[in-house]
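Let me begin by presenting the structure, written as structure tokens, before commenting on it.
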Amino acid sequence: MKVFSWGVWLVAMTACATAKADLAEPVIERKAKDTLTAVEIDQGETLRFVLADGSSRTLLLEDTWAEVVLTNLKRPKKGFGGGGTLYRFGCRVVIDGQPMEMVRYVPVQESFYAPYVVDGMRIWPDGVRKIGGLFNENHGECVPRKAARFAIQDATLPICCEQELRPWYPNAANFIDVHESYNGDDVWLGPYQGADLHGGLDIDMPIGTPLWAPISLDEQFYFNSLVRGHNNNRWRGIRRWASGDRWVIQAHHMTRLLVPEHTPLAQGTHYAEAAGTLTGSHAHSHFVFKVGEEDDEVLLDPWILFWQIFENNKRRAGALRAAIASLQPAETGLPVKFDGSASRAGVTGNLLSSTWTFGDGGCGRGPSPTHAFTTPGVFPVTLVVSDGTKRATTTQHIVVSGQPVRSPSLTLAAPEEIEFGLRPVSAMDVYGTPVPFVPHTLRFVAHPSRQPTPAAKRIEARNAGGGTLDELQVEVEYCEGQGWLHVDREGDGNDQTILVHVNAKKLRPKHGIYRAVVTVRCPGAVNSPQVFFVELTTPRYPPDAEVVVDNLDDACYPSPWHWTAPRFHGPWPQGYRETYLVAAGRPGEDAFVRFQPYLAAGRYEVFFDERTPFRPTEQTPEDVRFAVRVRHRQGAKVVWVEPLKSRAIGTFEFHEGNDGYVQLETKGSTGMVVADAVHFKRLEVAEPAK
């Protein structure tokens, strides 16, 4: 497997990106219009894209790559029934003078992704030509003609403005599960039987499922049909937009067409019944999407259509929504005003809370915070909103130019807490999945009578600029209850920490959470103040003495954007509760999965579940070894395990509560790291700490 020197590349690209963007030939000119723009470009070419407000952005394609993560094929490109391959591909680009990488994973839930939004451009990295070297193109045209294919639109516009997209088939969840794609792999570019790229999107559905026209169509007809001697009923609809673009949408495996061919079709018309012809082992429909001019159409992922349909559905239903006003390029040291006022609280009518992270360690609060960046680069700005019952999130990337700031700048870090992890610039959100937590939150569990004082947690003050930080000033604002939170400041200058203690002794057990906001000020520092949040749960019921934590459980915390869950059908191992995670990041990346149950005090045997497929295929290397960090009553211990030889992790004592955890880590590992389920089985009872 090829290993790239990402750090060296980023440094080099930062130094010369602007010059390359100016000198790249040729320059491809495109202007935002009322419909989605599809473009293919080669390495060294620059796309200059003019937004609706007249400002322009540049995207230079520096390089592309593609590589297999997991497969059960004995030979490349030689598929078979039950064959499956998980792969990733990416583009290294320079946007407005700053380097950035875009990465996609196929065919997993990440195939249904929220697009990148960079400096006001919504970007779908649709494919790279190099995937054609890994797979066959025998299942529909889909490999780009040039090095990379993108779909781009002004982020303030939908993918078509002339008519709002409406549902194509019934989907009340506004969500597609990859397991419901044919065999778990027939997404766009998914390798059918592990070897043949799939030129469409298959969605399993019952025979006779209604299909409605998602847009009004100028023309529609069968281009293949059983009555004309073909082996399938394949339908095509065409719409010519005022922008001059032509869209082609297709649906295959149709049971019957309910309207006359070669007639216009009004939006919302029930025009066909789906999923009943040549469907193989699962009744399904096959969707295709093309855009462009009639003599230069570009195939795109049909998911783009469904993404817009789902977004429209949720908007009409008044669902909870996080929204960031379109970002503009920024300069180091200058404050940027962010606007989340278009976010919606949903149908509950509750007040909406807003939490921001800026991709550089900084955190903000409220609908319209201000933040200054101290170094140049591309930074993911993420907004998480909550109405007290549900959460929603959105991310845009901002391009920052200029020189590093020399004055002090305050950020807060908690290396032990997953909620403080920095989002990778290349990360994409998986569409429709629950938001697991509010960022920059310390979470505690404590019972008022049995174990009221869990272990303290540590916050580090970091200087993201130059000079020295002044002494920190800390304020506590309670949202529920009083007096249960205490903070201590330690150290001085650039070596200051905050110890956070909670004491539930005077609180009442309840199903719910006590919350507080901690504000940290540093006089004279850029981006002061900073905030973090504290949540204390006081459970009503005692913890269990034997617990299994699965990757699907709330007590499992995979480091975001480093793990994925293949859902192939057929002979593939299913794991505990029919899912498991594989480390999908590149070799050397520091990823982890934390299993953190609520336990009764005692001594526990800890081991991996026997159904965990640590060697998912015969092609997976037999040498599997990785580190497991265990936080227990006496401290922390790192155990190196070889799970193909033994499922045992060890025997450890734990306090009551969730101070303890077991954490699988990929750094220094060999072979495929798989995370599934961990058992905690109590051997001896221990008295709770006083």
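Residues in the structure tokens are named by chain (A, B, ... in the order shown) and by number from 1 within that chain; ligands are numbered from 1 in the order shown.
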
Determine, counting only C-alpha atoms, which protein, DNA and RNA residues have an atom within 6 Å of an atom of His501 (chain A); residues of the same chain fewer than 6 positions away are not included. Present the result as a ChimeraX atom specification. /A:456,485-486

Write the residues of the preceding selection, restricted to N, CA and C atoms, as a short mmCIF file (atom, residue, chain, number, x, y, z; two decimals), in the first residue's frame.
```cif
data_model
loop_
_atom_site.label_atom_id
_atom_site.label_comp_id
_atom_site.auth_asym_id
_atom_site.auth_seq_id
_atom_site.Cartn_x
_atom_site.Cartn_y
_atom_site.Cartn_z
N ALA A 456 -11.11 13.74 38.17
CA ALA A 456 -11.07 15.05 37.54
C ALA A 456 -10.59 14.93 36.10
N LEU A 485 -19.83 21.89 40.48
CA LEU A 485 -18.66 21.98 39.62
C LEU A 485 -17.60 22.86 40.27
N HIS A 486 -16.35 22.41 40.20
CA HIS A 486 -15.23 23.18 40.74
C HIS A 486 -14.06 23.11 39.76
#
```

Distance query region 625-642 of chain A at most 7 Å, only C-alpha atoms, self and fewer than 5 positions along chain excluded, as a PDB file with all heavy atoms, in the first residue's frame:
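Resulting contents of around10.pdb:
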```
ATOM      1  N   ILE A 649      -7.802  -9.237  26.818  1.00  0.00           N
ATOM      2  CA  ILE A 649      -7.110  -7.956  26.988  1.00  0.00           C
ATOM      3  C   ILE A 649      -6.439  -7.902  28.350  1.00  0.00           C
ATOM      4  O   ILE A 649      -5.317  -7.425  28.499  1.00  0.00           O
ATOM      5  CB  ILE A 649      -8.097  -6.778  26.822  1.00  0.00           C
ATOM      6  CG1 ILE A 649      -8.697  -6.801  25.406  1.00  0.00           C
ATOM      7  CG2 ILE A 649      -7.412  -5.443  27.086  1.00  0.00           C
ATOM      8  CD1 ILE A 649      -9.813  -5.793  25.193  1.00  0.00           C
ATOM      9  N   PHE A 652      -8.622  -6.070  35.198  1.00  0.00           N
ATOM     10  CA  PHE A 652      -8.395  -4.727  35.724  1.00  0.00           C
ATOM     11  C   PHE A 652      -9.475  -4.365  36.727  1.00  0.00           C
ATOM     12  O   PHE A 652     -10.606  -4.865  36.661  1.00  0.00           O
ATOM     13  CB  PHE A 652      -8.420  -3.693  34.579  1.00  0.00           C
ATOM     14  CG  PHE A 652      -7.490  -4.005  33.455  1.00  0.00           C
ATOM     15  CD1 PHE A 652      -7.929  -4.730  32.351  1.00  0.00           C
ATOM     16  CD2 PHE A 652      -6.169  -3.590  33.486  1.00  0.00           C
ATOM     17  CE1 PHE A 652      -7.085  -5.029  31.301  1.00  0.00           C
ATOM     18  CE2 PHE A 652      -5.302  -3.891  32.443  1.00  0.00           C
ATOM     19  CZ  PHE A 652      -5.762  -4.605  31.349  1.00  0.00           C
ATOM     20  N   GLU A 653      -9.124  -3.478  37.643  1.00  0.00           N
ATOM     21  CA  GLU A 653     -10.086  -2.927  38.594  1.00  0.00           C
ATOM     22  C   GLU A 653     -10.618  -1.598  38.072  1.00  0.00           C
ATOM     23  O   GLU A 653      -9.870  -0.793  37.504  1.00  0.00           O
ATOM     24  CB  GLU A 653      -9.433  -2.711  39.958  1.00  0.00           C
ATOM     25  CG  GLU A 653      -9.138  -3.979  40.733  1.00  0.00           C
ATOM     26  CD  GLU A 653      -8.678  -3.672  42.144  1.00  0.00           C
ATOM     27  OE1 GLU A 653      -9.299  -2.797  42.786  1.00  0.00           O
ATOM     28  OE2 GLU A 653      -7.704  -4.288  42.581  1.00  0.00           O
ATOM     29  N   PHE A 654     -11.921  -1.387  38.288  1.00  0.00           N
ATOM     30  CA  PHE A 654     -12.545  -0.139  37.867  1.00  0.00           C
ATOM     31  C   PHE A 654     -13.355   0.440  39.012  1.00  0.00           C
ATOM     32  O   PHE A 654     -13.958  -0.298  39.799  1.00  0.00           O
ATOM     33  CB  PHE A 654     -13.469  -0.367  36.664  1.00  0.00           C
ATOM     34  CG  PHE A 654     -12.755  -0.796  35.417  1.00  0.00           C
ATOM     35  CD1 PHE A 654     -12.742  -2.129  35.031  1.00  0.00           C
ATOM     36  CD2 PHE A 654     -12.102   0.128  34.627  1.00  0.00           C
ATOM     37  CE1 PHE A 654     -12.096  -2.537  33.879  1.00  0.00           C
ATOM     38  CE2 PHE A 654     -11.449  -0.262  33.466  1.00  0.00           C
ATOM     39  CZ  PHE A 654     -11.441  -1.600  33.097  1.00  0.00           C
ATOM     40  N   HIS A 655     -13.352   1.779  39.119  1.00  0.00           N
ATOM     41  CA  HIS A 655     -14.279   2.474  40.003  1.00  0.00           C
ATOM     42  C   HIS A 655     -15.703   2.313  39.463  1.00  0.00           C
ATOM     43  O   HIS A 655     -15.906   1.995  38.293  1.00  0.00           O
ATOM     44  CB  HIS A 655     -13.963   3.970  40.070  1.00  0.00           C
ATOM     45  CG  HIS A 655     -12.696   4.298  40.789  1.00  0.00           C
ATOM     46  ND1 HIS A 655     -12.532   4.113  42.138  1.00  0.00           N
ATOM     47  CD2 HIS A 655     -11.526   4.833  40.335  1.00  0.00           C
ATOM     48  CE1 HIS A 655     -11.333   4.520  42.497  1.00  0.00           C
ATOM     49  NE2 HIS A 655     -10.699   4.956  41.413  1.00  0.00           N
ATOM     50  N   GLY A 660     -13.315   4.584  33.724  1.00  0.00           N
ATOM     51  CA  GLY A 660     -12.469   3.630  33.033  1.00  0.00           C
ATOM     52  C   GLY A 660     -12.894   3.423  31.591  1.00  0.00           C
ATOM     53  O   GLY A 660     -14.042   3.647  31.211  1.00  0.00           O
ATOM     54  N   TYR A 661     -11.947   2.980  30.783  1.00  0.00           N
ATOM     55  CA  TYR A 661     -12.261   2.673  29.397  1.00  0.00           C
ATOM     56  C   TYR A 661     -11.215   1.733  28.819  1.00  0.00           C
ATOM     57  O   TYR A 661     -10.130   1.532  29.371  1.00  0.00           O
ATOM     58  CB  TYR A 661     -12.369   3.941  28.547  1.00  0.00           C
ATOM     59  CG  TYR A 661     -11.127   4.805  28.477  1.00  0.00           C
ATOM     60  CD1 TYR A 661     -10.035   4.439  27.679  1.00  0.00           C
ATOM     61  CD2 TYR A 661     -11.035   6.000  29.177  1.00  0.00           C
ATOM     62  CE1 TYR A 661      -8.909   5.232  27.600  1.00  0.00           C
ATOM     63  CE2 TYR A 661      -9.907   6.802  29.106  1.00  0.00           C
ATOM     64  CZ  TYR A 661      -8.842   6.421  28.315  1.00  0.00           C
ATOM     65  OH  TYR A 661      -7.725   7.198  28.247  1.00  0.00           O
ATOM     66  N   VAL A 662     -11.565   1.154  27.681  1.00  0.00           N
ATOM     67  CA  VAL A 662     -10.653   0.358  26.865  1.00  0.00           C
ATOM     68  C   VAL A 662     -10.599   1.024  25.497  1.00  0.00           C
ATOM     69  O   VAL A 662     -11.636   1.274  24.880  1.00  0.00           O
ATOM     70  CB  VAL A 662     -11.140  -1.099  26.749  1.00  0.00           C
ATOM     71  CG1 VAL A 662     -10.379  -1.843  25.666  1.00  0.00           C
ATOM     72  CG2 VAL A 662     -10.998  -1.816  28.079  1.00  0.00           C
ATOM     73  N   GLN A 663      -9.392   1.303  25.027  1.00  0.00           N
ATOM     74  CA  GLN A 663      -9.249   2.083  23.795  1.00  0.00           C
ATOM     75  C   GLN A 663      -8.324   1.364  22.814  1.00  0.00           C
ATOM     76  O   GLN A 663      -7.147   1.162  23.099  1.00  0.00           O
ATOM     77  CB  GLN A 663      -8.695   3.471  24.125  1.00  0.00           C
ATOM     78  CG  GLN A 663      -8.519   4.384  22.931  1.00  0.00           C
ATOM     79  CD  GLN A 663      -8.273   5.814  23.344  1.00  0.00           C
ATOM     80  OE1 GLN A 663      -9.168   6.481  23.873  1.00  0.00           O
ATOM     81  NE2 GLN A 663      -7.072   6.302  23.128  1.00  0.00           N
ATOM     82  N   LEU A 664      -8.854   0.987  21.660  1.00  0.00           N
ATOM     83  CA  LEU A 664      -8.049   0.400  20.594  1.00  0.00           C
ATOM     84  C   LEU A 664      -7.363   1.522  19.828  1.00  0.00           C
ATOM     85  O   LEU A 664      -8.011   2.512  19.463  1.00  0.00           O
ATOM     86  CB  LEU A 664      -8.927  -0.402  19.628  1.00  0.00           C
ATOM     87  CG  LEU A 664      -9.366  -1.801  20.030  1.00  0.00           C
ATOM     88  CD1 LEU A 664     -10.244  -1.765  21.283  1.00  0.00           C
ATOM     89  CD2 LEU A 664     -10.108  -2.476  18.882  1.00  0.00           C
ATOM     90  N   GLU A 665      -6.062   1.373  19.557  1.00  0.00           N
ATOM     91  CA  GLU A 665      -5.298   2.422  18.903  1.00  0.00           C
ATOM     92  C   GLU A 665      -4.582   1.867  17.677  1.00  0.00           C
ATOM     93  O   GLU A 665      -4.089   0.736  17.688  1.00  0.00           O
ATOM     94  CB  GLU A 665      -4.300   3.042  19.880  1.00  0.00           C
ATOM     95  CG  GLU A 665      -4.989   3.633  21.114  1.00  0.00           C
ATOM     96  CD  GLU A 665      -4.030   4.275  22.105  1.00  0.00           C
ATOM     97  OE1 GLU A 665      -2.824   3.969  22.032  1.00  0.00           O
ATOM     98  OE2 GLU A 665      -4.495   5.065  22.933  1.00  0.00           O
ATOM     99  N   THR A 666      -4.505   2.678  16.634  1.00  0.00           N
ATOM    100  CA  THR A 666      -3.907   2.211  15.383  1.00  0.00           C
ATOM    101  C   THR A 666      -2.439   2.585  15.252  1.00  0.00           C
ATOM    102  O   THR A 666      -1.729   1.988  14.432  1.00  0.00           O
ATOM    103  CB  THR A 666      -4.660   2.793  14.176  1.00  0.00           C
ATOM    104  OG1 THR A 666      -4.550   4.222  14.191  1.00  0.00           O
ATOM    105  CG2 THR A 666      -6.123   2.393  14.198  1.00  0.00           C
ATOM    106  N   GLY A 668       1.266   2.529  15.276  1.00  0.00           N
ATOM    107  CA  GLY A 668       2.214   1.449  15.472  1.00  0.00           C
ATOM    108  C   GLY A 668       1.664   0.065  15.207  1.00  0.00           C
ATOM    109  O   GLY A 668       2.353  -0.933  15.416  1.00  0.00           O
ATOM    110  N   SER A 669       0.420  -0.024  14.744  1.00  0.00           N
ATOM    111  CA  SER A 669      -0.209  -1.325  14.542  1.00  0.00           C
ATOM    112  C   SER A 669       0.313  -1.995  13.281  1.00  0.00           C
ATOM    113  O   SER A 669       0.895  -1.359  12.395  1.00  0.00           O
ATOM    114  CB  SER A 669      -1.730  -1.163  14.446  1.00  0.00           C
ATOM    115  OG  SER A 669      -2.073  -0.392  13.297  1.00  0.00           O
ATOM    116  N   THR A 670       0.073  -3.300  13.191  1.00  0.00           N
ATOM    117  CA  THR A 670       0.325  -4.056  11.970  1.00  0.00           C
ATOM    118  C   THR A 670      -0.957  -4.806  11.612  1.00  0.00           C
ATOM    119  O   THR A 670      -1.717  -5.212  12.479  1.00  0.00           O
ATOM    120  CB  THR A 670       1.477  -5.059  12.149  1.00  0.00           C
ATOM    121  OG1 THR A 670       1.189  -5.919  13.251  1.00  0.00           O
ATOM    122  CG2 THR A 670       2.789  -4.348  12.405  1.00  0.00           C
ATOM    123  N   GLY A 671      -1.177  -5.001  10.315  1.00  0.00           N
ATOM    124  CA  GLY A 671      -2.385  -5.683   9.880  1.00  0.00           C
ATOM    125  C   GLY A 671      -3.605  -4.786   9.955  1.00  0.00           C
ATOM    126  O   GLY A 671      -3.520  -3.584  10.190  1.00  0.00           O
TER     127      GLY A 671
END
```

List every residue of region 302-390 of chain A that DSSP, applied to the backbone, labels as strand (DSSP E), and write the result as a PyMOL selection string. chain A and resi 330-331+336-337+353-357+363-365+370-371+377-386

If we count only C-alpha atoms, what is near Pro210 (chain A) at a cut-off of 10 Å, once residues fewer than 6 positions away on the same chain are taken out, given as a PyMOL selection string? chain A and resi 168-170+254-255+269-275

Using only C-alpha atoms, which protein or nucleic acid residues come within 12 Å of region 557-562 of chain A? Drop anything in the same chain fewer than 6 positions from it, and give the result as a compact mmCIF listing (two decimals) with C-alpha atoms, in the first residue's frame.
```txt
# COMPACT_ATOMS: atom_id res chain seq x y z
CA ARG A 88 -10.70 5.09 -1.01
CA VAL A 103 -11.00 12.04 0.39
CA ARG A 104 -13.85 9.61 -0.31
CA TYR A 105 -14.57 6.02 0.77
CA GLN A 109 -22.08 4.66 4.48
CA GLU A 110 -19.60 7.43 3.71
CA TYR A 113 -21.90 12.29 2.14
CA GLU A 416 -7.87 12.62 26.63
CA GLU A 417 -11.32 13.71 25.46
CA ILE A 418 -12.69 12.79 22.05
CA GLU A 419 -14.99 15.83 22.12
CA PHE A 420 -11.93 18.10 21.79
CA GLY A 421 -10.41 16.35 18.75
CA LEU A 422 -9.49 18.52 15.78
CA ARG A 423 -11.48 17.76 12.66
CA PRO A 424 -9.23 16.73 9.72
CA VAL A 425 -9.46 19.18 6.84
CA SER A 426 -10.28 16.33 4.43
CA ALA A 427 -13.12 14.93 6.58
CA MET A 428 -16.65 14.74 5.17
CA ASP A 429 -19.78 14.24 7.25
CA VAL A 430 -21.86 11.12 6.64
CA VAL A 435 -24.48 13.98 15.92
CA PRO A 436 -22.81 12.08 18.80
CA PHE A 437 -21.90 15.01 21.06
CA PRO A 439 -17.86 19.61 20.83
CA VAL A 549 -20.02 -2.47 24.55
CA ASP A 550 -20.55 -2.72 20.81
CA ASN A 551 -19.53 -0.27 18.12
CA TYR A 580 -17.97 -3.82 12.91
CA LEU A 581 -15.53 -1.01 12.20
CA VAL A 582 -12.32 -1.15 10.20
CA ALA A 583 -9.54 1.40 10.35
CA ALA A 584 -9.96 3.18 7.04
CA GLY A 585 -7.33 5.87 7.52
CA ARG A 586 -3.86 5.78 6.05
CA PRO A 587 -1.01 3.88 7.69
CA GLY A 588 0.48 5.83 10.57
CA GLU A 589 -2.62 7.89 11.34
CA ASP A 590 -3.37 8.16 15.04
CA ALA A 591 -6.91 6.78 15.28
CA PHE A 592 -8.70 5.03 18.12
CA VAL A 593 -11.98 3.50 19.26
CA ARG A 594 -12.90 3.97 22.92
CA PHE A 595 -15.22 1.58 24.79
CA GLN A 596 -16.35 3.43 27.93
CA PRO A 597 -19.14 1.64 29.83
CA TYR A 661 -12.26 2.67 29.40
CA VAL A 662 -10.65 0.36 26.87
CA GLN A 663 -9.25 2.08 23.80
CA LEU A 664 -8.05 0.40 20.59
CA GLU A 665 -5.30 2.42 18.90
CA THR A 666 -3.91 2.21 15.38
CA VAL A 673 -7.36 -3.10 12.97
CA VAL A 674 -11.01 -4.08 13.53
CA ALA A 675 -13.23 -2.72 16.33
CA ASP A 676 -16.45 -4.48 17.21
CA ALA A 677 -17.43 -5.43 20.78
```
